[in-house]
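Working notes, structure below.
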Protein chains: 2
Amino acid sequence: MGLSKAFQVLSLLLLTFHTTLVASRPRPEPKSAWLRNSAKRKGFPGYSKREAPSGTDCVDTQLGKLAAPKPNVWAGLTNDETASVTAWLFAQTSLNLTQTENATEWDNTIMLVELMTPNKTDVLAFLEGVVERPPTRYAHVMIDHRADENPYYADILVGPLPLQNGTNGSATWEPLTYPFTKQNNGRVRNLDADDDTLYSDWLYVVSASIKDITLELWNGTCLGLDNDTIDVWGIDPLWQDDGIIRWDTFWNYPTSDFDAETLLPLGLYFMSNVTGRDPSKWSLEGWLYNDVFYPTTDAFRAAFWSPGFERLPPNVEDTWADSDQEGTVPPADKIYPPSLVAPAGSRFRVDVEERYVKWMDFDFYLSFTRDTGLRLFNIRYKGERIIYELGLEEALAHYAGNDPVSSGTSYLDSFYGFGPYAFELVKGFDCPSYATYLNSSFYTAETTHTHLDSICLFEMDAGYPIQRHSTMNYVSSTRNIFFTVRSVSTVGNYDYMFSYQFYMDGSIHIEVRASGYIQSTYYAKNGDYGYHIHDALSGSMHDHVLHYKLDMDVLGTANTMQMTTLVATTETYPWSRGKSRNTMKLQRSFVESEDESKLFWAANGATQFSVVNTDKPNAFGEYRGYRILPSEGTIHSTVQNSSNLVNAANWAGYDLMVTKQKDSEPRSAHPFNSQDVSDPPIDFSKFFDGESLMQEDLVVWFNLGMHHIPHTGDLPNTVFTTAHSGLQIMPLNYLKGDPSRETVNMVRINYKDGVVSEVAEFGQKEPVCALDFQPIEPDLADYKGDVVIRKFPYDPSDWYYETDSIV
Amino acid sequence: MGLSKAFQVLSLLLLTFHTTLVASRPRPEPKSAWLRNSAKRKGFPGYSKREAPSGTDCVDTQLGKLAAPKPNVWAGLTNDETASVTAWLFAQTSLNLTQTENATEWDNTIMLVELMTPNKTDVLAFLEGVVERPPTRYAHVMIDHRADENPYYADILVGPLPLQNGTNGSATWEPLTYPFTKQNNGRVRNLDADDDTLYSDWLYVVSASIKDITLELWNGTCLGLDNDTIDVWGIDPLWQDDGIIRWDTFWNYPTSDFDAETLLPLGLYFMSNVTGRDPSKWSLEGWLYNDVFYPTTDAFRAAFWSPGFERLPPNVEDTWADSDQEGTVPPADKIYPPSLVAPAGSRFRVDVEERYVKWMDFDFYLSFTRDTGLRLFNIRYKGERIIYELGLEEALAHYAGNDPVSSGTSYLDSFYGFGPYAFELVKGFDCPSYATYLNSSFYTAETTHTHLDSICLFEMDAGYPIQRHSTMNYVSSTRNIFFTVRSVSTVGNYDYMFSYQFYMDGSIHIEVRASGYIQSTYYAKNGDYGYHIHDALSGSMHDHVLHYKLDMDVLGTANTMQMTTLVATTETYPWSRGKSRNTMKLQRSFVESEDESKLFWAANGATQFSVVNTDKPNAFGEYRGYRILPSEGTIHSTVQNSSNLVNAANWAGYDLMVTKQKDSEPRSAHPFNSQDVSDPPIDFSKFFDGESLMQEDLVVWFNLGMHHIPHTGDLPNTVFTTAHSGLQIMPLNYLKGDPSRETVNMVRINYKDGVVSEVAEFGQKEPVCALDFQPIEPDLADYKGDVVIRKFPYDPSDWYYETDSIV
């Protein structure tokens with residue numbers, strides 16, 4: 001992740017549009033966003049599903065309609081539920097809520113209304129038919145409680161749902177506490193309560209105090225005016241160990257429409273003590289320029305205007321920072337390139353209403369939340385659940401630098417949320433044009449925003465077979481057609497592409513790639529922290545750690561993590577005539593308890609990890625299981641005991657972690673961990689309390705990621721080709737053989753002396769008709785962005801288009 | 001790596017068809033292969049190139065014909081050259097050669113006639129115009145010198161070419177010695193000289209001596225008869241430290257056409273001392289059954305027929321071992337799947353004659369050798385050479401087991417050669433149907449075999465963009481169209497798919513995947529060496545180490561390997577007010593000499609390796625270079641100081657090795673290293689003699705590979721999805737920015753409030769016409785296998801089809 005804008009804009013959606021100032025930067029809008037309804041349209045259809053658009057006459061009609069076997073208990077609240085909860089909350093005078101559009105920094109507002117993810121225990125009872133009715137639904141609500149000298153965020157539960165008439169007497173609210181390790185009545189302090197005042201009464205005031213210098217250095221100002229050419233923002237999280245301290249720095253605004261601001265740092269930093277809610281008590285603690293610290297503005301000014309003071313050049317936008325086509329077009333590049341097509345339409349089905357997907361022998365449910373975006377639940381393979389839950393938990397981008405802003409930046413992106421920034425995908429570019437696209441929604445500021453076509457589902461040919469073998473008598477080869485579910489979240493400057501891929505051999509590939517703009521830093525004596533990549537620019541070094549939850553259930557919930565390690569050994573055998581032999585062997589062991597379950601990938605990949613069920617060996621006595629293997633460069637955090645994070649990301653320093661599943665530990669991270677890093681709402685290290693992991697319900701937490709030392713090739717954008725990380729899970733002694741043998745998508749050719757005696761095919765149908773290529777070119781002018789429906793006052797027919805990004 | 005058949009069949013092509021016995025197993029043929037000419041056809045066109053067959057009317061004709069800027073000096077000998085050298089060799093009475101078809105085990109034969117790869121020094125002088133003419137050509141010839149009590153293989157050089165009239169007086173031969181670390185006149189002993197006698201006079205004799213037991217246990221015999229149902233073969237390399245010792249074991253023949261023998265071990269082993277060439281002096285040293293060693297046949301027989309002797313079941317073929325479709329066809333699987341198409345034809349060009357390829361800003365030459373198959377030379381990017389040579393050097397498959405055959409198996413596959421087994425690819429399965437296919441050739445037994453369509457070249461859409469970024473105002477996305485050159489070598493049981501992929505960001509991806517049959521072992525008390533995967537079958541643990549040469553030239557040959565390491569650190573800064581901060585920084589260093597150039601990937605991927613030119617920093621003072629990064633699970637050998645290999649694979653235990661390029665160290669491995677493992681022709685460790693690596697011509701040797709612990713999912717075949725390894729090289733501070741910005745294959749969409757204000761395209765042409773999908777379905781009945789042209793007596797018009805595999 002990596003975010004271009006820190007505290008002032010981070011909350012554009014999360015903290016809502018309660019002031020024009022926040023919503024305005026960098027391009028001011030005169031009104032709260034949801035009041036602008038010039039683009040209102042009628043007839044927004046809610047969730048849409050686009051069938052593969054290519055050659056409709058050619059679509060094979062063998063597949064019927066899919067109906068989920070059970071309702072999707074993770075699917076989120078309906079529009080009506082959200083509206084009823086919102087209305088109910090406003091009726092609770094004890095909460096003292098103000099509508100976002102009218103709220104000041106000293107009013108309480110609703111930040112989130114979302115389905116409370118039901119407990120696994122309750123869901124399993126329903127899925128397995130032990131109980132007939134799905135778990136009772138509750139709304140998870142987050143309140144931004146700012147009418148207080150000590151503002152806080154509060155997680156509360158509202159329910160049971162459905163509420164009747166919006167004020168049903170049976171509904172209650174209570175603090176949400178059981179999923180958190182911090183026992184504080186579901187509350188965490190809010191360090192951003194005064195984010196408007198911070199700019200108006202502090203950052204712009206400080207900036208104004210050196211206007212002479214900003215004009216001299218950069219011919220610009222940062223005063224909160226429309227014609228400002230300079231922006232100011234800084235560290236995330238704030239320093240919290242000695243008052244609340246922030247470091248900020250200046251950035252040039254881009255002069256074009258490109259989102260290049262994070263490439264335009266200016267190299268002047270200042271430190272502020274912003275403890276408490278009274279700006280008059282905040283203090284300026286010093287300036288840094290060219291690696292020299294000045295304790296006061298006077299000292300800095302005096303130095304600046306002294307003879308011989310070294311003035312450093314600004315970073316200025318030009319085409320180097322813009323992502324449009326640039327440079328000599330390579331030969332043949334304008335010819336239409338090879339492409340992906342689906343000549344017979346989709347071969348998977350989606351129950352759009354229930355967000356239930358079935359492809360070949362896999363089926364699962366989709367879910368989507370504000371914090372982490374796309375999640376998959378109850379992944380079954382051949383009718384047996386193998387994964388109860390799979391999804392991102394958190395993403396850390398830990399920077400370092402010789403300057404305080406890079407050094408102090410360790411974004412925990414669920415603060416911003418992956419849901420709000422899972423934008424509409426570009427058909428034919430982000431996913432094949434024939435993909436099926438689904439919408440996703442999130443709540444903000446008394447509205448539900450819907451990202452149209454923000455989840456794509458498609459099959460494609462991998463370009464290599466899944467199996468082949470040749471002899472002088474025959475050759476056999478099997479196509480590798482795999483299925484992908486994908487979403488992209490652009491959390492500020494970075495675009496994370498999350499793909500879940502399913503294969504005919506029963507394996508699943510979990511992949512993340514990163515593109516978009518790097519967050520760079522000013523190049524001044526910081527060669528120890530990055531490459532010098534442009535005029536005065538450093539590609540600030542940083543680690544991306546993408547943290548996932550993988551709740552596996554292999555033949556039930558009683559599972560064990562097996563380790564099979566290849567070890568070099570010297571052995572003497574009955575047959576070696578007394579000679580010792582340098583060879584290798586396997587050591588098999590188990591992760592026995594939470595005392596030993598924070599794991600690293602072994603050197604040289606020597607240890608294979610698998611989740612097995614030791615109570616259910618196969619016919620040969622081997623434990624049936626699923627292996628977990630890093631497949632594309634996974635890493636964990638370089639920094640140890642980070643001064644920035646303290647206890648806020650205690651999952652970042654390992655590769656693989658195993659805990660016993662508990663309904664009270666559904667998530668390893670809380671979006672507001674950054675607000676109290678020493679004592680965050682969820683301190684993952686507290687999950688490890690020595691419990692046995694032998695034949696228990698296990699949750700595997702794993703990290704993907706990249707060490708990113710940006711270089712010139714990251715300009716203007718990082719490329720997905722090399723910024724990637726992935727992990728596979730694959731059946732291990734789980735079935736009797738390779739299940740890809742079940743496909744008919746294979747051929748065997750028997751031949752001899754140049755003559756083919758048999759082309760064995762296995763029932764693969766021919767394409768139904770010729771493919772008309774042109775129609776699969778999507779009309780990109782159909783791109784829409786987000787649909788917004790206001791929830792309070794509620795009028796589902798009164799929707800409009802509007803998209804909001806962090807920048 | 002990984003071979004199903006050991007010494008008796010390993011040499012089917014290499015050691016030629018000099019006896020019917022060798023050529024016969026497992027399915028006897030009455031004659032030397034090249035005498036069977038029933039399939040003779042006229043008009044074989046030599047190298048063919050198939051244009052993308054789809055919609056010929058639609059092919060964009062913008063591209064002209066490609067002509068290599070220089071002749072391909074690595075392309076191999078012409079048919080006429082090979083024939084002339086062969087004839088010349090037979091004229092040299094001092095060599096005392098016999099034609100393969102007439103040779104006995106006591107005759108000398110020609111094993112190989114191939115182009116001697118020219119020295120880099122000489123080639124560079126030619127490529128860079130220092131000299132006008134290409135380097136003088138020589139033939140590299142291998143002689144199997146068996147007319148001797150101490151048989152040996154001899155590498156010799158013949159030339160200069162062209163020879164005139166076949167016996168030109170100016171031509172000479174000399175021992176080839178300069179590329180080898182062993183100074184032995186280009187000779188290495190031949191442990192396989194008596195491979196026919198070994199079967200007829202020993203293995204079948206020993207097998208006959210226990211016919212009572214093989215009949216009792218398996219109802220079969222192993223006598224060298226057509227109705228044998230049992231095969232026998234064993235370790236590779238042989239034990240060489242105390243005489244020449246071999247262990248052999250019995251295998252059931254498959255009863256079908258499938259190549260399943262390596263799944264059918266029978267669990268009885270015997271040890272033989274086969275020192276010397278006189279079978280009468282060979283001795284049986286003992287038997288092993290069910291982990292019990294019997295020093296004599298009598299002892300084994302006595303035990304076997306004793307009451308209570310535990311008889312173990314055989315492994316028997318059935319559909320579990322066959323790769324055809326099996327089991328319930330998944331829903332929708334019969335519908336024609338998504339596919340890859342090239343609606344406007346190819347966007348790259350090939351000079352077929354010179355094997356020169358140009359795709360976008362990359363161009364390079366192809367080469368193909370017996371030992372290692374496909375190689376790439378003089379890879380240029382934007383007109384500058386970045387890689388002089390890239391290709392496989394050797395592949396190790398190191399097994400282990402509680403039985404002597406698994407324990408003693410450490411295949412070095414260049415012994416068998418990757419060239420002879422690079423079979424014809426299956427269009428539409430192994431590569432897209434629209435790919436361009438090239439032939440490859442190798443020499444064996446006075447013939448040249450040509451694998452038709454055994455190299456494929458194609459572009460495809462990766463299914464994810466190379467770049468994207470979203471804001472609330474715009475979204476941009478760039479297609480990731482990449483180019484692949486691929487060949488597959490099936491060295492016995494295993495199919496290695498070698499892919500070289502080129503990307504628009506200037507990166508190259510080197511990938512290997514493994515499919516085909518595992519070599520398993522009998523399951524008897526060997527749970528420490530593999531999983532029990534079928535009735536009496538162990539998935540024998542083994543390491544695949546695929547060893548590559550990467551000769552990089554970054555802005556010339558004076559290069560340095562830079563290491564940039566992310567380290568955790570605690571620092572105090574001018575601005576940290578005396579507080580220490582836990583953070584990270586970069587350490588930059590160089591691999592200074594060959595004393596420190598055997599390298600491992602760092603734990604947690606902390607070290608980034610790059611080849612830079614420190615004399616040519618970029619405008620910002622950073623060294624321009626190419627980074628080398630593992631991208632998909634690379635490993636090195638687990639076994640340390642392997643008893644099987646001794647000095648034969650001293651490259652296997654590291655991840656990355658750097659040496660100074662020398663014309664005398666062109667290869668790190670010799671195909672006959674297995675014949676004298678203590679003192680092999682090329683001992684890679686001797687390359688490391690302390691020379692400086694600072695701004696020298698560097699060669700990077702790296703290993704891909706997999707630790708393979710086969711499980712039930714490897715039955716019948718290992719799948720390419722999870723058996724993969726890869727490495728990327730990518731520009732690092734090499735250009736001013738990301739070169740993928742040069743493509744027009746991108747879009748930017750500006751939008752607001754549901755309305756698109758601009759769809760920016762950049763000159764990408766539309767497909768020329770509708771795509772008729774059917775014709776791209778290749779006619780698989782066109783599969784041919786290999787074309788053979790006899791070289792002595794030479795008649796290029798007298799060719800025929802014949803394909804030979806190890807099994």
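Going through the structure tokens in order, the chains are called A, B, and so on, while each chain numbers its residues from 1 and the ligands are numbered from 1 in the order shown.
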Long-range neighbours of B:Phe688 as a PyMOL selection string, 12 Å cut-off, only C-alpha atoms, 3 positions minimum in chain: chain B and resi 181+593-598+650-651+657-662+665+668+683-685+691-693+699
Test item: residues at most 9 Å from B:Glu766, only C-alpha atoms, excluding those fewer than 4 positions along its chain, as a count of residues only: 5
Backbone-only DSSP, helix (DSSP H, G or I) members of stretch 684-797 of chain A, as a PyMOL selection string: chain A and resi 684-687+712-714+739-742+774-776+780-782
Long-range neighbours of stretch 351-363 of chain B as a ChimeraX atom specification, 8 Å cut-off, only C-alpha atoms, 4 positions minimum in chain: /A:330-333 /B:47-49,65-68,71-72,75,347,367,378-383,438,483,502,504
Export of prior selection with C-alpha atoms as a PDB file, in the first residue's frame:
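New file again-v9.pdb:
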```pdb
ATOM      1  CA  PRO A 330       8.160  -0.218 -30.647  1.00  0.00           C
ATOM      2  CA  PRO A 331       7.930  -1.895 -34.032  1.00  0.00           C
ATOM      3  CA  ALA A 332       4.657  -3.742 -34.578  1.00  0.00           C
ATOM      4  CA  ASP A 333       3.209  -2.459 -31.336  1.00  0.00           C
TER       5      ASP A 333
ATOM      6  CA  TYR B  47      13.704 -25.672 -41.096  1.00  0.00           C
ATOM      7  CA  SER B  48      10.129 -24.657 -41.443  1.00  0.00           C
ATOM      8  CA  LYS B  49       8.337 -21.705 -40.059  1.00  0.00           C
ATOM      9  CA  LYS B  65      10.789  -9.564 -43.687  1.00  0.00           C
ATOM     10  CA  LEU B  66      13.462  -9.786 -41.050  1.00  0.00           C
ATOM     11  CA  ALA B  67      17.115 -10.214 -41.901  1.00  0.00           C
ATOM     12  CA  ALA B  68      19.638 -10.911 -39.170  1.00  0.00           C
ATOM     13  CA  PRO B  71      25.012 -14.395 -39.457  1.00  0.00           C
ATOM     14  CA  ASN B  72      24.185 -16.623 -36.499  1.00  0.00           C
ATOM     15  CA  ALA B  75      23.399 -21.877 -35.265  1.00  0.00           C
ATOM     16  CA  ARG B 347       3.813  -9.070 -34.146  1.00  0.00           C
ATOM     17  CA  SER B 367      20.968 -21.952 -30.772  1.00  0.00           C
ATOM     18  CA  ASN B 378      23.301 -11.880 -27.931  1.00  0.00           C
ATOM     19  CA  ILE B 379      20.056 -10.741 -26.388  1.00  0.00           C
ATOM     20  CA  ARG B 380      19.810  -7.053 -27.116  1.00  0.00           C
ATOM     21  CA  TYR B 381      17.374  -4.586 -25.656  1.00  0.00           C
ATOM     22  CA  LYS B 382      16.934  -1.322 -27.471  1.00  0.00           C
ATOM     23  CA  GLY B 383      19.949  -2.158 -29.555  1.00  0.00           C
ATOM     24  CA  LEU B 438      10.704 -23.888 -35.403  1.00  0.00           C
ATOM     25  CA  PHE B 483       6.659 -12.840 -25.728  1.00  0.00           C
ATOM     26  CA  PHE B 502      10.162 -11.090 -22.545  1.00  0.00           C
ATOM     27  CA  MET B 504       7.525  -4.574 -22.258  1.00  0.00           C
TER      28      MET B 504
END
```
Secondary structure check, strand (DSSP E) residues of stretch 715-802 of chain B, as a VMD selection string: chain B and resid 724 to 732 746 to 752 755 to 760 786 to 791 794 to 801
Just the selected residues (C-alpha atoms), exported as a short mmCIF file (atom, residue, chain, number, x, y, z; two decimals), in the first residue's frame, please.
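result_6.cif, written as the output of this step:
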```
data_model
loop_
_atom_site.label_atom_id
_atom_site.label_comp_id
_atom_site.auth_asym_id
_atom_site.auth_seq_id
_atom_site.Cartn_x
_atom_site.Cartn_y
_atom_site.Cartn_z
CA HIS B 724 7.67 -24.68 -11.22
CA SER B 725 10.62 -22.42 -10.64
CA GLY B 726 11.54 -19.11 -12.13
CA LEU B 727 13.82 -16.14 -12.06
CA GLN B 728 13.45 -12.68 -13.49
CA ILE B 729 15.98 -10.21 -14.66
CA MET B 730 14.80 -6.63 -14.83
CA PRO B 731 16.33 -3.30 -15.71
CA LEU B 732 17.57 -1.53 -12.57
CA MET B 746 -3.00 1.26 -23.07
CA VAL B 747 -6.02 3.35 -22.24
CA ARG B 748 -6.78 6.31 -20.01
CA ILE B 749 -10.39 7.08 -19.18
CA ASN B 750 -11.30 10.41 -17.62
CA TYR B 751 -14.65 10.36 -15.91
CA LYS B 752 -16.77 12.22 -13.44
CA VAL B 755 -19.88 10.43 -17.46
CA VAL B 756 -16.73 9.68 -19.41
CA SER B 757 -15.14 12.83 -20.72
CA GLU B 758 -12.27 11.18 -22.52
CA VAL B 759 -11.19 7.71 -23.60
CA ALA B 760 -7.55 8.32 -24.45
CA ASP B 786 11.26 -36.46 -35.90
CA VAL B 787 12.76 -36.33 -39.35
CA VAL B 788 15.99 -38.25 -39.83
CA ILE B 789 18.60 -37.65 -42.46
CA ARG B 790 21.44 -40.07 -42.68
CA LYS B 791 24.81 -38.37 -42.81
CA TYR B 794 25.10 -38.96 -47.06
CA ASP B 795 21.95 -38.48 -49.06
CA PRO B 796 19.98 -35.46 -47.96
CA SER B 797 17.03 -36.39 -50.13
CA ASP B 798 16.70 -39.75 -48.45
CA TRP B 799 14.99 -38.77 -45.25
CA TYR B 800 12.37 -40.48 -43.13
CA TYR B 801 10.30 -40.00 -39.99
#
```
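What separates atom CA of B:Leu215 from atom CA of B:Tyr522 is a distance of 18.2 Å.
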Do you know which residues are at most 6 Å from stretch 150-158 of chain B counting only C-alpha atoms, after dropping those on the same chain fewer than 5 positions away, and could you put them as a PDB file with N, CA and C atoms, in the first residue's frame?
```pdb
ATOM      1  N   TYR B 138      34.710 -24.724 -36.341  1.00  0.00           N
ATOM      2  CA  TYR B 138      35.239 -26.059 -36.104  1.00  0.00           C
ATOM      3  C   TYR B 138      34.084 -26.970 -35.706  1.00  0.00           C
ATOM      4  N   ALA B 139      34.254 -28.236 -36.002  1.00  0.00           N
ATOM      5  CA  ALA B 139      33.278 -29.213 -35.513  1.00  0.00           C
ATOM      6  C   ALA B 139      33.758 -29.784 -34.190  1.00  0.00           C
ATOM      7  N   HIS B 140      32.831 -29.884 -33.270  1.00  0.00           N
ATOM      8  CA  HIS B 140      33.076 -30.578 -32.011  1.00  0.00           C
ATOM      9  C   HIS B 140      32.571 -32.009 -32.195  1.00  0.00           C
ATOM     10  N   VAL B 141      33.497 -32.940 -32.042  1.00  0.00           N
ATOM     11  CA  VAL B 141      33.177 -34.345 -32.278  1.00  0.00           C
ATOM     12  C   VAL B 141      33.415 -35.114 -30.993  1.00  0.00           C
ATOM     13  N   MET B 142      32.519 -36.036 -30.701  1.00  0.00           N
ATOM     14  CA  MET B 142      32.776 -36.938 -29.583  1.00  0.00           C
ATOM     15  C   MET B 142      32.908 -38.347 -30.135  1.00  0.00           C
ATOM     16  N   ILE B 143      33.966 -38.977 -29.709  1.00  0.00           N
ATOM     17  CA  ILE B 143      34.249 -40.344 -30.135  1.00  0.00           C
ATOM     18  C   ILE B 143      34.019 -41.276 -28.957  1.00  0.00           C
ATOM     19  N   ASP B 144      33.327 -42.338 -29.223  1.00  0.00           N
ATOM     20  CA  ASP B 144      33.162 -43.378 -28.208  1.00  0.00           C
ATOM     21  C   ASP B 144      34.234 -44.427 -28.481  1.00  0.00           C
ATOM     22  N   HIS B 145      35.322 -44.299 -27.784  1.00  0.00           N
ATOM     23  CA  HIS B 145      36.488 -45.146 -28.042  1.00  0.00           C
ATOM     24  C   HIS B 145      36.391 -46.391 -27.163  1.00  0.00           C
ATOM     25  N   THR B 172      42.422 -30.748 -39.769  1.00  0.00           N
ATOM     26  CA  THR B 172      43.082 -31.618 -38.803  1.00  0.00           C
ATOM     27  C   THR B 172      42.108 -31.912 -37.684  1.00  0.00           C
ATOM     28  N   TRP B 173      42.453 -32.855 -36.878  1.00  0.00           N
ATOM     29  CA  TRP B 173      41.723 -32.994 -35.619  1.00  0.00           C
ATOM     30  C   TRP B 173      42.713 -32.918 -34.485  1.00  0.00           C
ATOM     31  N   GLU B 174      42.206 -32.484 -33.379  1.00  0.00           N
ATOM     32  CA  GLU B 174      43.034 -32.407 -32.183  1.00  0.00           C
ATOM     33  C   GLU B 174      42.145 -32.647 -30.983  1.00  0.00           C
ATOM     34  N   PRO B 175      42.716 -33.112 -29.908  1.00  0.00           N
ATOM     35  CA  PRO B 175      41.899 -33.284 -28.701  1.00  0.00           C
ATOM     36  C   PRO B 175      41.358 -31.934 -28.251  1.00  0.00           C
ATOM     37  N   LEU B 176      40.112 -31.946 -27.819  1.00  0.00           N
ATOM     38  CA  LEU B 176      39.524 -30.741 -27.260  1.00  0.00           C
ATOM     39  C   LEU B 176      39.833 -30.727 -25.763  1.00  0.00           C
ATOM     40  N   GLY B 186      41.341 -34.471 -23.301  1.00  0.00           N
ATOM     41  CA  GLY B 186      39.959 -34.476 -23.761  1.00  0.00           C
ATOM     42  C   GLY B 186      39.249 -35.795 -23.555  1.00  0.00           C
ATOM     43  N   ARG B 187      39.781 -36.604 -22.685  1.00  0.00           N
ATOM     44  CA  ARG B 187      39.202 -37.940 -22.527  1.00  0.00           C
ATOM     45  C   ARG B 187      38.589 -38.130 -21.144  1.00  0.00           C
ATOM     46  N   VAL B 188      37.537 -38.917 -21.105  1.00  0.00           N
ATOM     47  CA  VAL B 188      36.974 -39.362 -19.830  1.00  0.00           C
ATOM     48  C   VAL B 188      36.583 -40.823 -20.002  1.00  0.00           C
ATOM     49  N   ARG B 189      36.800 -41.593 -18.953  1.00  0.00           N
ATOM     50  CA  ARG B 189      36.531 -43.028 -19.076  1.00  0.00           C
ATOM     51  C   ARG B 189      35.054 -43.288 -19.357  1.00  0.00           C
ATOM     52  N   ASN B 190      34.790 -44.391 -19.969  1.00  0.00           N
ATOM     53  CA  ASN B 190      33.430 -44.789 -20.328  1.00  0.00           C
ATOM     54  C   ASN B 190      33.042 -45.986 -19.469  1.00  0.00           C
TER      55      ASN B 190
END
```
